[in-house]
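Visitor: One file is attached below, start-v4.csv, containing CSV, C-alpha atoms.
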```csv
chain,number,residue,atom,x,y,z
A,1,MET,CA,62.9,32.3,-3.9
A,2,HIS,CA,64.5,34.2,-1.1
A,3,MET,CA,66.8,32.1,1.0
A,4,ALA,CA,66.9,33.4,4.6
A,5,SER,CA,70.5,33.8,5.7
A,6,HIS,CA,71.2,32.3,9.1
A,7,THR,CA,73.8,33.9,11.3
A,8,PRO,CA,75.8,31.2,12.9
A,9,ARG,CA,75.1,31.0,16.6
A,10,ALA,CA,78.0,31.3,18.9
A,11,VAL,CA,79.1,27.9,20.1
A,12,SER,CA,79.3,27.8,23.9
A,13,PRO,CA,82.6,26.6,25.1
A,14,ILE,CA,82.5,23.2,26.6
A,15,SER,CA,82.4,23.4,30.3
A,16,MET,CA,85.4,21.6,31.7
A,17,VAL,CA,84.9,19.9,35.0
A,18,ARG,CA,87.5,21.2,37.4
A,19,VAL,CA,89.1,18.6,39.6
A,20,ALA,CA,89.2,20.2,43.1
A,21,ARG,CA,92.7,20.1,44.5
A,22,PRO,CA,92.9,19.1,48.1
A,23,SER,CA,93.3,22.1,50.4
A,24,THR,CA,96.1,22.5,52.9
A,25,VAL,CA,93.7,21.4,55.6
A,26,ASP,CA,92.8,18.3,53.7
A,27,LEU,CA,96.5,17.4,53.2
A,28,ILE,CA,97.3,17.9,56.8
A,29,THR,CA,94.3,15.9,57.9
A,30,ALA,CA,95.3,13.0,55.7
A,31,GLU,CA,98.9,13.1,57.0
A,32,LEU,CA,97.7,13.1,60.6
A,33,ARG,CA,95.4,10.2,59.9
A,34,SER,CA,98.2,8.3,58.3
A,35,ALA,CA,100.6,9.0,61.2
A,36,ILE,CA,98.0,7.7,63.7
A,37,PHE,CA,97.4,4.6,61.6
A,38,THR,CA,101.1,3.8,61.2
A,39,GLY,CA,101.9,4.6,64.8
A,40,ALA,CA,104.1,7.5,63.9
A,41,LEU,CA,101.8,9.4,66.4
A,42,PRO,CA,101.5,6.9,69.3
A,43,VAL,CA,98.3,6.4,71.1
A,44,GLY,CA,98.0,8.9,74.0
A,45,SER,CA,100.8,11.1,72.6
A,46,PRO,CA,100.2,14.9,72.8
A,47,ILE,CA,99.8,17.0,69.7
A,48,GLY,CA,101.7,20.2,70.3
A,49,GLU,CA,100.8,22.9,67.7
A,50,VAL,CA,104.3,24.4,67.5
A,51,GLU,CA,106.1,21.2,67.2
A,52,MET,CA,103.7,19.6,64.8
A,53,SER,CA,103.4,22.6,62.5
A,54,SER,CA,107.2,22.6,62.3
A,55,GLN,CA,107.4,18.9,61.6
A,56,LEU,CA,104.8,19.1,58.8
A,57,GLY,CA,106.1,22.4,57.5
A,58,VAL,CA,102.7,24.2,57.8
A,59,SER,CA,101.3,27.1,59.7
A,60,ARG,CA,99.4,26.7,62.9
A,61,SER,CA,96.0,27.9,61.6
A,62,PRO,CA,95.3,25.0,59.1
A,63,LEU,CA,96.9,22.5,61.6
A,64,ARG,CA,94.4,23.6,64.2
A,65,GLU,CA,91.5,23.1,61.8
A,66,SER,CA,92.8,19.7,60.9
A,67,THR,CA,93.1,18.6,64.5
A,68,GLN,CA,89.5,19.7,65.1
A,69,ARG,CA,88.3,17.5,62.3
A,70,LEU,CA,90.1,14.5,63.9
A,71,VAL,CA,88.6,15.3,67.3
A,72,GLN,CA,85.1,15.2,65.6
A,73,GLU,CA,86.1,11.8,64.1
A,74,GLY,CA,87.2,10.5,67.5
A,75,LEU,CA,90.9,10.0,66.4
A,76,LEU,CA,92.1,12.8,68.6
A,77,THR,CA,90.9,13.7,72.1
A,78,ALA,CA,90.8,17.2,73.5
A,79,SER,CA,91.0,17.5,77.3
A,80,PRO,CA,90.8,20.7,79.3
A,81,GLY,CA,94.2,21.6,80.6
A,82,ARG,CA,95.9,18.7,78.8
A,83,GLY,CA,95.5,19.9,75.2
A,84,MET,CA,95.1,17.5,72.3
A,85,ARG,CA,96.2,13.8,72.3
A,86,VAL,CA,95.9,10.8,70.1
A,87,SER,CA,92.9,8.8,71.3
A,88,VAL,CA,93.2,5.6,73.2
A,89,ILE,CA,90.7,2.8,72.7
A,90,GLY,CA,90.8,0.5,75.7
A,91,PRO,CA,89.4,-3.1,76.0
A,92,GLU,CA,86.0,-1.7,77.1
A,93,HIS,CA,85.5,0.0,73.8
A,94,VAL,CA,86.9,-2.6,71.4
A,95,ALA,CA,83.5,-4.4,71.0
A,96,ASP,CA,81.9,-1.2,70.0
A,97,VAL,CA,84.4,-0.5,67.3
A,98,TYR,CA,83.8,-4.0,65.8
A,99,ASP,CA,80.0,-3.6,66.2
A,100,ALA,CA,80.2,-0.5,64.0
A,101,ARG,CA,82.4,-2.3,61.5
A,102,LEU,CA,79.9,-5.2,61.3
A,103,ALA,CA,77.1,-2.7,60.5
A,104,ILE,CA,79.2,-1.1,57.7
A,105,GLU,CA,80.7,-4.3,56.3
A,106,ALA,CA,77.5,-6.3,56.4
A,107,GLN,CA,75.7,-3.6,54.4
A,108,ALA,CA,78.7,-3.6,52.0
A,109,VAL,CA,78.2,-7.4,51.6
A,110,ARG,CA,74.5,-6.9,50.7
A,111,LEU,CA,75.3,-4.2,48.1
A,112,ILE,CA,78.0,-6.4,46.6
A,113,ILE,CA,75.8,-9.4,46.3
A,114,ARG,CA,73.0,-7.3,44.9
A,115,SER,CA,75.3,-5.9,42.2
A,116,GLY,CA,76.5,-9.4,41.2
A,117,ALA,CA,79.8,-8.0,39.9
A,118,ALA,CA,82.3,-10.8,39.3
A,119,SER,CA,85.2,-8.4,39.3
A,120,VAL,CA,84.6,-7.7,42.9
A,121,LEU,CA,85.2,-11.3,43.9
A,122,ASP,CA,88.5,-11.2,41.9
A,123,ARG,CA,89.7,-8.2,43.8
A,124,LEU,CA,88.8,-9.7,47.1
A,125,GLU,CA,90.4,-13.0,46.3
A,126,ASN,CA,93.6,-11.1,45.5
A,127,ALA,CA,93.4,-9.2,48.8
A,128,TYR,CA,92.9,-12.5,50.6
A,129,ALA,CA,95.8,-14.1,48.8
A,130,GLU,CA,98.0,-11.2,49.9
A,131,LEU,CA,96.8,-11.6,53.5
A,132,VAL,CA,97.7,-15.3,53.4
A,133,ALA,CA,101.1,-14.7,51.9
A,134,VAL,CA,102.2,-12.1,54.5
A,135,SER,CA,100.8,-14.1,57.3
A,136,GLU,CA,103.5,-16.7,56.6
A,137,GLY,CA,106.0,-14.1,57.7
A,138,THR,CA,106.7,-12.4,61.0
A,139,ASP,CA,106.1,-8.8,60.1
A,140,ALA,CA,103.1,-7.9,62.4
A,141,ARG,CA,102.6,-4.5,60.7
A,142,ALA,CA,102.5,-6.0,57.2
A,143,ILE,CA,100.0,-8.7,58.4
A,144,GLY,CA,97.8,-6.0,60.1
A,145,ASP,CA,97.9,-3.8,57.0
A,146,ALA,CA,96.9,-6.7,54.7
A,147,ASP,CA,94.0,-7.6,57.0
A,148,ILE,CA,92.7,-4.1,57.0
A,149,GLU,CA,93.2,-3.7,53.3
A,150,PHE,CA,91.0,-6.8,52.7
A,151,HIS,CA,88.2,-5.1,54.6
A,152,ARG,CA,88.8,-1.7,52.9
A,153,GLU,CA,88.5,-3.5,49.6
A,154,LEU,CA,85.3,-5.2,50.7
A,155,VAL,CA,83.7,-1.9,51.6
A,156,ASP,CA,85.1,0.0,48.6
A,157,SER,CA,83.6,-2.7,46.4
A,158,ALA,CA,80.1,-1.7,47.5
A,159,ARG,CA,80.6,1.6,45.7
A,160,SER,CA,79.1,3.7,48.4
A,161,ARG,CA,81.0,6.9,49.2
A,162,ARG,CA,79.6,7.2,52.7
A,163,LEU,CA,80.3,3.6,53.6
A,164,THR,CA,83.9,4.0,52.4
A,165,GLN,CA,84.2,7.2,54.4
A,166,TYR,CA,83.0,5.6,57.6
A,167,MET,CA,85.2,2.6,57.0
A,168,ALA,CA,88.3,4.8,56.7
A,169,THR,CA,87.7,6.1,60.2
A,170,LEU,CA,86.9,2.7,61.6
A,171,ALA,CA,90.0,1.2,60.1
A,172,ILE,CA,92.1,3.8,62.0
A,173,GLU,CA,90.1,3.1,65.2
A,174,THR,CA,90.8,-0.6,64.7
A,175,ARG,CA,94.5,0.1,64.6
A,176,ILE,CA,94.3,2.4,67.6
A,177,ALA,CA,92.6,-0.4,69.5
A,178,SER,CA,95.5,-2.7,68.6
A,179,PHE,CA,98.1,0.0,69.6
A,180,SER,CA,96.3,0.6,72.9
A,181,ASP,CA,96.8,-3.0,74.0
A,182,PRO,CA,99.2,-2.9,77.0
A,183,GLY,CA,101.0,-6.0,75.7
A,184,GLY,CA,101.9,-4.1,72.5
A,185,TYR,CA,100.8,-4.3,68.9
A,186,THR,CA,100.1,-7.9,68.0
A,187,VAL,CA,98.2,-9.6,65.2
A,188,ARG,CA,96.9,-13.1,64.6
A,189,ARG,CA,99.5,-15.3,62.9
A,190,SER,CA,97.1,-17.7,61.1
A,191,VAL,CA,94.3,-16.4,58.8
A,192,SER,CA,90.9,-17.2,60.3
A,193,ASP,CA,88.8,-19.7,58.3
A,194,THR,CA,86.1,-17.0,58.3
A,195,TYR,CA,87.8,-15.2,55.5
A,196,ARG,CA,87.4,-18.2,53.2
A,197,GLN,CA,83.8,-18.6,54.4
A,198,LEU,CA,83.0,-15.0,53.6
A,199,LEU,CA,84.4,-15.2,50.1
A,200,ASP,CA,82.5,-18.5,49.4
A,201,ALA,CA,79.3,-16.9,50.7
A,202,LEU,CA,79.8,-13.8,48.4
A,203,ALA,CA,80.4,-16.1,45.5
A,204,ALA,CA,77.2,-18.0,46.3
A,205,GLY,CA,75.2,-14.8,46.8
A,206,ASP,CA,74.4,-16.0,50.4
A,207,VAL,CA,73.9,-12.8,52.5
A,208,PRO,CA,73.2,-14.6,55.8
A,209,ALA,CA,76.3,-16.8,55.5
A,210,ALA,CA,78.4,-13.8,54.7
A,211,PHE,CA,77.1,-12.0,57.7
A,212,LEU,CA,77.8,-14.9,60.0
A,213,ALA,CA,81.3,-15.2,58.7
A,214,LEU,CA,81.9,-11.5,59.5
A,215,GLU,CA,80.2,-11.7,62.8
A,216,GLN,CA,82.4,-14.7,63.9
A,217,GLN,CA,85.5,-13.1,62.5
A,218,PHE,CA,85.0,-9.9,64.5
A,219,ALA,CA,84.0,-11.9,67.7
A,220,GLU,CA,87.4,-13.7,67.4
A,221,ALA,CA,89.2,-10.3,67.0
A,222,VAL,CA,87.4,-8.8,70.0
A,223,ALA,CA,88.2,-11.8,72.2
A,224,ARG,CA,91.9,-11.6,71.2
A,225,LEU,CA,92.1,-7.8,71.8
A,226,THR,CA,90.4,-8.0,75.1
A,227,GLY,CA,92.5,-10.8,76.5
A,228,LYS,CA,89.7,-13.4,76.4
A,229,ASP,CA,91.4,-15.7,73.9
A,230,ASP,CA,95.0,-16.6,74.7
A,231,ASP,CA,95.0,-19.7,72.6
A,232,VAL,CA,95.5,-18.1,69.2
A,233,GLU,CA,99.1,-17.7,68.1
A,234,THR,CA,100.1,-14.1,67.5
A,235,VAL,CA,102.9,-12.1,66.0
A,236,GLU,CA,104.1,-8.9,67.8
A,237,THR,CA,106.0,-5.9,66.7
A,238,PRO,CA,109.6,-6.1,68.1
A,239,ALA,CA,110.1,-3.7,71.1
A,240,ASP,CA,113.1,-2.1,69.3
A,241,ALA,CA,111.2,-1.5,66.1
A,242,ALA,CA,111.6,2.2,65.1
A,243,PRO,CA,108.3,4.0,64.6
A,244,PRO,CA,107.7,5.7,61.3
A,245,ALA,CA,108.8,9.3,61.0
A,246,ILE,CA,106.7,12.3,60.3
A,247,GLY,CA,108.1,14.7,57.7
A,248,PRO,CA,107.0,17.9,55.8
A,249,ILE,CA,104.1,17.5,53.4
A,250,GLU,CA,103.9,18.8,49.9
A,251,LEU,CA,101.4,21.6,49.8
A,252,THR,CA,99.2,22.6,46.8
A,253,GLU,CA,98.6,26.1,47.9
A,254,GLU,CA,100.2,28.9,49.9
A,255,VAL,CA,100.0,28.4,53.6
```
How would this structure read if it were set down as structure tokens?
Guide:
Amino acid sequence: MHMASHTPRAVSPISMVRVARPSTVDLITAELRSAIFTGALPVGSPIGEVEMSSQLGVSRSPLRESTQRLVQEGLLTASPGRGMRVSVIGPEHVADVYDARLAIEAQAVRLIIRSGAASVLDRLENAYAELVAVSEGTDARAIGDADIEFHRELVDSARSRRLTQYMATLAIETRIASFSDPGGYTVRRSVSDTYRQLLDALAAGDVPAAFLALEQQFAEAVARLTGKDDDVETVETPADAAPPAIGPIELTEEV
């Protein structure tokens, strides 16, 4: 009986998924977002191409592309004859920022409750505990960071790339709104009861209760930032506090 000989087929090499490295434009954009969030680039401050490219250690072409991205996101404002500046969000626009956040975070709540993942609640409880802990101190920036981090964790827990992306911009706009306050950057000293109400509603799977907690929490924030609630005790950044510095960034490719 003749046995057919089989020629071994060539084994195709396994396709390795290449992890895309961030481009120079991506890195510059991230650095500028961070600088706006921390106040290293103050609200209303001009963005000079020559000075900024020198500070970051990059050429002007990718910097220009990065600033155009931030203009599209609303974090920078381009004015004819005045060039590029960090956006200012005055009291008349604060409610709109929080309306957008309510839309994003309420949907995140729905997705979290639908998923029923217990680990989500653990992470949010940890973020809440951190907010409570730093609120016992007097570092306004640390309190503000912990507050925004709680809400970032909430949206990230929904596991929606787009919701996370939108929240990233809204988080910076929230900080810009606080920086735009003529009275200086201030945060609430006590943690609102609405945080505990939100967490309890998530644990109970109660979407309407979670929505109401967020809605009330944001209404309180809007009232404080627009000067309509002077009763709540606040912590402010000292007038002599040095702003963060902007330094050269590490590039992953030739500029």
Visitor: So that each row is one residue of segment 27-63 of chain A with an atom at most 12 Å from segment 125-141 of chain A, can you give its shortest atom pair and the distance in Å to one decimal, using only C-alpha atoms, rows by chain and rising number, as CSV?
Guide:
```
residue,atom,partner,partner_atom,distance
A:Phe37,CA,A:Arg141,CA,10.5
A:Thr38,CA,A:Arg141,CA,8.4
A:Gly39,CA,A:Arg141,CA,10.0
```
Visitor: To one decimal in Å, tell me the separation between atom CA of Ile28 of chain A and atom CA of Ser87 of chain A.
Guide: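 Atom-to-atom, atom CA of Ile28 of chain A and atom CA of Ser87 of chain A are spaced 17.7 Å apart.
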Visitor: Could you give me, as a list of chain:residue names, the residues within 10 Å of Gly90 of chain A, counting only C-alpha atoms and dropping anything in the same chain fewer than 3 positions from it?
Guide: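 Surrounding residues, per the criterion: A:Ser87, A:His93, A:Val94, A:Ala95, A:Ile176, A:Ala177, A:Ser178, A:Phe179, A:Ser180, A:Asp181, A:Pro182, A:Leu225, A:Thr226.
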Visitor: Can you pull out the residues contacting segment 58-65 of chain A? Cut-off 12 Å, using all atoms listed in the file, and skip same-chain residues under 2 positions away; I want them as an MDAnalysis selection string.
Guide: chainID A and resid 23:32 47:56 67:72 76 78 83:84 247:255
Visitor: So that I have them on file, write out the residues from the current selection with C-alpha atoms, as a CSV table (one decimal), keeping the file's coordinate frame.
Guide:
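Okay, this is what ended up in selection-v3.csv:
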```csv
chain,number,residue,atom,x,y,z
A,23,SER,CA,93.3,22.1,50.4
A,24,THR,CA,96.1,22.5,52.9
A,25,VAL,CA,93.7,21.4,55.6
A,26,ASP,CA,92.8,18.3,53.7
A,27,LEU,CA,96.5,17.4,53.2
A,28,ILE,CA,97.3,17.9,56.8
A,29,THR,CA,94.3,15.9,57.9
A,30,ALA,CA,95.3,13.0,55.7
A,31,GLU,CA,98.9,13.1,57.0
A,32,LEU,CA,97.7,13.1,60.6
A,47,ILE,CA,99.8,17.0,69.7
A,48,GLY,CA,101.7,20.2,70.3
A,49,GLU,CA,100.8,22.9,67.7
A,50,VAL,CA,104.3,24.4,67.5
A,51,GLU,CA,106.1,21.2,67.2
A,52,MET,CA,103.7,19.6,64.8
A,53,SER,CA,103.4,22.6,62.5
A,54,SER,CA,107.2,22.6,62.3
A,55,GLN,CA,107.4,18.9,61.6
A,56,LEU,CA,104.8,19.1,58.8
A,67,THR,CA,93.1,18.6,64.5
A,68,GLN,CA,89.5,19.7,65.1
A,69,ARG,CA,88.3,17.5,62.3
A,70,LEU,CA,90.1,14.5,63.9
A,71,VAL,CA,88.6,15.3,67.3
A,72,GLN,CA,85.1,15.2,65.6
A,76,LEU,CA,92.1,12.8,68.6
A,78,ALA,CA,90.8,17.2,73.5
A,83,GLY,CA,95.5,19.9,75.2
A,84,MET,CA,95.1,17.5,72.3
A,247,GLY,CA,108.1,14.7,57.7
A,248,PRO,CA,107.0,17.9,55.8
A,249,ILE,CA,104.1,17.5,53.4
A,250,GLU,CA,103.9,18.8,49.9
A,251,LEU,CA,101.4,21.6,49.8
A,252,THR,CA,99.2,22.6,46.8
A,253,GLU,CA,98.6,26.1,47.9
A,254,GLU,CA,100.2,28.9,49.9
A,255,VAL,CA,100.0,28.4,53.6
```
Visitor: At what distance in Å, to one decimal, does atom CA of Ala171 of chain A lie from atom CA of Arg101 of chain A?
Guide: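 Atom CA of Ala171 of chain A lies at a distance of 8.5 Å from atom CA of Arg101 of chain A.
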Visitor: With only C-alpha atoms as the atoms that count, which of A:Arg224, A:His151, A:Arg33, A:Arg114 lies nearest to Ala204 of chain A?
Guide: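 Answer, going by the shortest atom-to-atom distance: A:Arg114.
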Visitor: One decimal, Å: what's the distance from atom CA of Ala203 of chain A over to atom CA of Ala118 of chain A, could you say?
Guide: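 Between atom CA of Ala203 of chain A and atom CA of Ala118 of chain A the gap is 8.4 Å.
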Visitor: Generate the missing atoms of segment 91-112 of chain A up to N, CA and C atoms and report them as a PDB file, keeping the file's coordinate frame.
Guide:
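What ended up in out_14.pdb:
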```pdb
ATOM      1  N   PRO A  91      90.149  -1.809  76.196  1.00  0.00           N
ATOM      2  CA  PRO A  91      89.400  -3.100  76.000  1.00  0.00           C
ATOM      3  C   PRO A  91      87.888  -2.890  76.103  1.00  0.00           C
ATOM      4  N   GLU A  92      87.454  -1.936  76.937  1.00  0.00           N
ATOM      5  CA  GLU A  92      86.000  -1.700  77.100  1.00  0.00           C
ATOM      6  C   GLU A  92      85.317  -1.153  75.926  1.00  0.00           C
ATOM      7  N   HIS A  93      86.082  -0.616  74.968  1.00  0.00           N
ATOM      8  CA  HIS A  93      85.500   0.000  73.800  1.00  0.00           C
ATOM      9  C   HIS A  93      85.733  -0.805  72.499  1.00  0.00           C
ATOM     10  N   VAL A  94      86.508  -1.861  72.598  1.00  0.00           N
ATOM     11  CA  VAL A  94      86.900  -2.600  71.400  1.00  0.00           C
ATOM     12  C   VAL A  94      85.638  -3.238  70.732  1.00  0.00           C
ATOM     13  N   ALA A  95      84.750  -3.816  71.519  1.00  0.00           N
ATOM     14  CA  ALA A  95      83.500  -4.400  71.000  1.00  0.00           C
ATOM     15  C   ALA A  95      82.704  -3.434  70.195  1.00  0.00           C
ATOM     16  N   ASP A  96      82.655  -2.191  70.687  1.00  0.00           N
ATOM     17  CA  ASP A  96      81.900  -1.200  70.000  1.00  0.00           C
ATOM     18  C   ASP A  96      82.427  -0.829  68.657  1.00  0.00           C
ATOM     19  N   VAL A  97      83.760  -0.784  68.554  1.00  0.00           N
ATOM     20  CA  VAL A  97      84.400  -0.500  67.300  1.00  0.00           C
ATOM     21  C   VAL A  97      84.007  -1.618  66.257  1.00  0.00           C
ATOM     22  N   TYR A  98      84.058  -2.873  66.704  1.00  0.00           N
ATOM     23  CA  TYR A  98      83.800  -4.000  65.800  1.00  0.00           C
ATOM     24  C   TYR A  98      82.250  -4.093  65.516  1.00  0.00           C
ATOM     25  N   ASP A  99      81.403  -3.641  66.445  1.00  0.00           N
ATOM     26  CA  ASP A  99      80.000  -3.600  66.200  1.00  0.00           C
ATOM     27  C   ASP A  99      79.692  -2.614  65.028  1.00  0.00           C
ATOM     28  N   ALA A 100      80.377  -1.467  65.082  1.00  0.00           N
ATOM     29  CA  ALA A 100      80.200  -0.500  64.000  1.00  0.00           C
ATOM     30  C   ALA A 100      80.729  -1.015  62.696  1.00  0.00           C
ATOM     31  N   ARG A 101      81.857  -1.711  62.744  1.00  0.00           N
ATOM     32  CA  ARG A 101      82.400  -2.300  61.500  1.00  0.00           C
ATOM     33  C   ARG A 101      81.444  -3.352  60.950  1.00  0.00           C
ATOM     34  N   LEU A 102      80.838  -4.130  61.826  1.00  0.00           N
ATOM     35  CA  LEU A 102      79.900  -5.200  61.300  1.00  0.00           C
ATOM     36  C   LEU A 102      78.728  -4.506  60.619  1.00  0.00           C
ATOM     37  N   ALA A 103      78.229  -3.402  61.158  1.00  0.00           N
ATOM     38  CA  ALA A 103      77.100  -2.700  60.500  1.00  0.00           C
ATOM     39  C   ALA A 103      77.516  -2.217  59.114  1.00  0.00           C
ATOM     40  N   ILE A 104      78.701  -1.623  59.001  1.00  0.00           N
ATOM     41  CA  ILE A 104      79.200  -1.100  57.700  1.00  0.00           C
ATOM     42  C   ILE A 104      79.482  -2.221  56.740  1.00  0.00           C
ATOM     43  N   GLU A 105      80.220  -3.218  57.187  1.00  0.00           N
ATOM     44  CA  GLU A 105      80.700  -4.300  56.300  1.00  0.00           C
ATOM     45  C   GLU A 105      79.558  -5.226  55.881  1.00  0.00           C
ATOM     46  N   ALA A 106      78.603  -5.434  56.778  1.00  0.00           N
ATOM     47  CA  ALA A 106      77.500  -6.300  56.400  1.00  0.00           C
ATOM     48  C   ALA A 106      76.628  -5.620  55.331  1.00  0.00           C
ATOM     49  N   GLN A 107      76.457  -4.306  55.429  1.00  0.00           N
ATOM     50  CA  GLN A 107      75.700  -3.600  54.400  1.00  0.00           C
ATOM     51  C   GLN A 107      76.501  -3.622  53.075  1.00  0.00           C
ATOM     52  N   ALA A 108      77.828  -3.509  53.171  1.00  0.00           N
ATOM     53  CA  ALA A 108      78.700  -3.600  52.000  1.00  0.00           C
ATOM     54  C   ALA A 108      78.453  -4.961  51.295  1.00  0.00           C
ATOM     55  N   VAL A 109      78.384  -6.009  52.094  1.00  0.00           N
ATOM     56  CA  VAL A 109      78.200  -7.400  51.600  1.00  0.00           C
ATOM     57  C   VAL A 109      76.821  -7.428  50.817  1.00  0.00           C
ATOM     58  N   ARG A 110      75.790  -6.844  51.396  1.00  0.00           N
ATOM     59  CA  ARG A 110      74.500  -6.900  50.700  1.00  0.00           C
ATOM     60  C   ARG A 110      74.527  -6.152  49.396  1.00  0.00           C
ATOM     61  N   LEU A 111      75.204  -5.003  49.357  1.00  0.00           N
ATOM     62  CA  LEU A 111      75.300  -4.200  48.100  1.00  0.00           C
ATOM     63  C   LEU A 111      76.122  -4.981  47.062  1.00  0.00           C
ATOM     64  N   ILE A 112      77.186  -5.639  47.498  1.00  0.00           N
ATOM     65  CA  ILE A 112      78.000  -6.400  46.600  1.00  0.00           C
ATOM     66  C   ILE A 112      77.250  -7.539  45.952  1.00  0.00           C
TER      67      ILE A 112
END
```
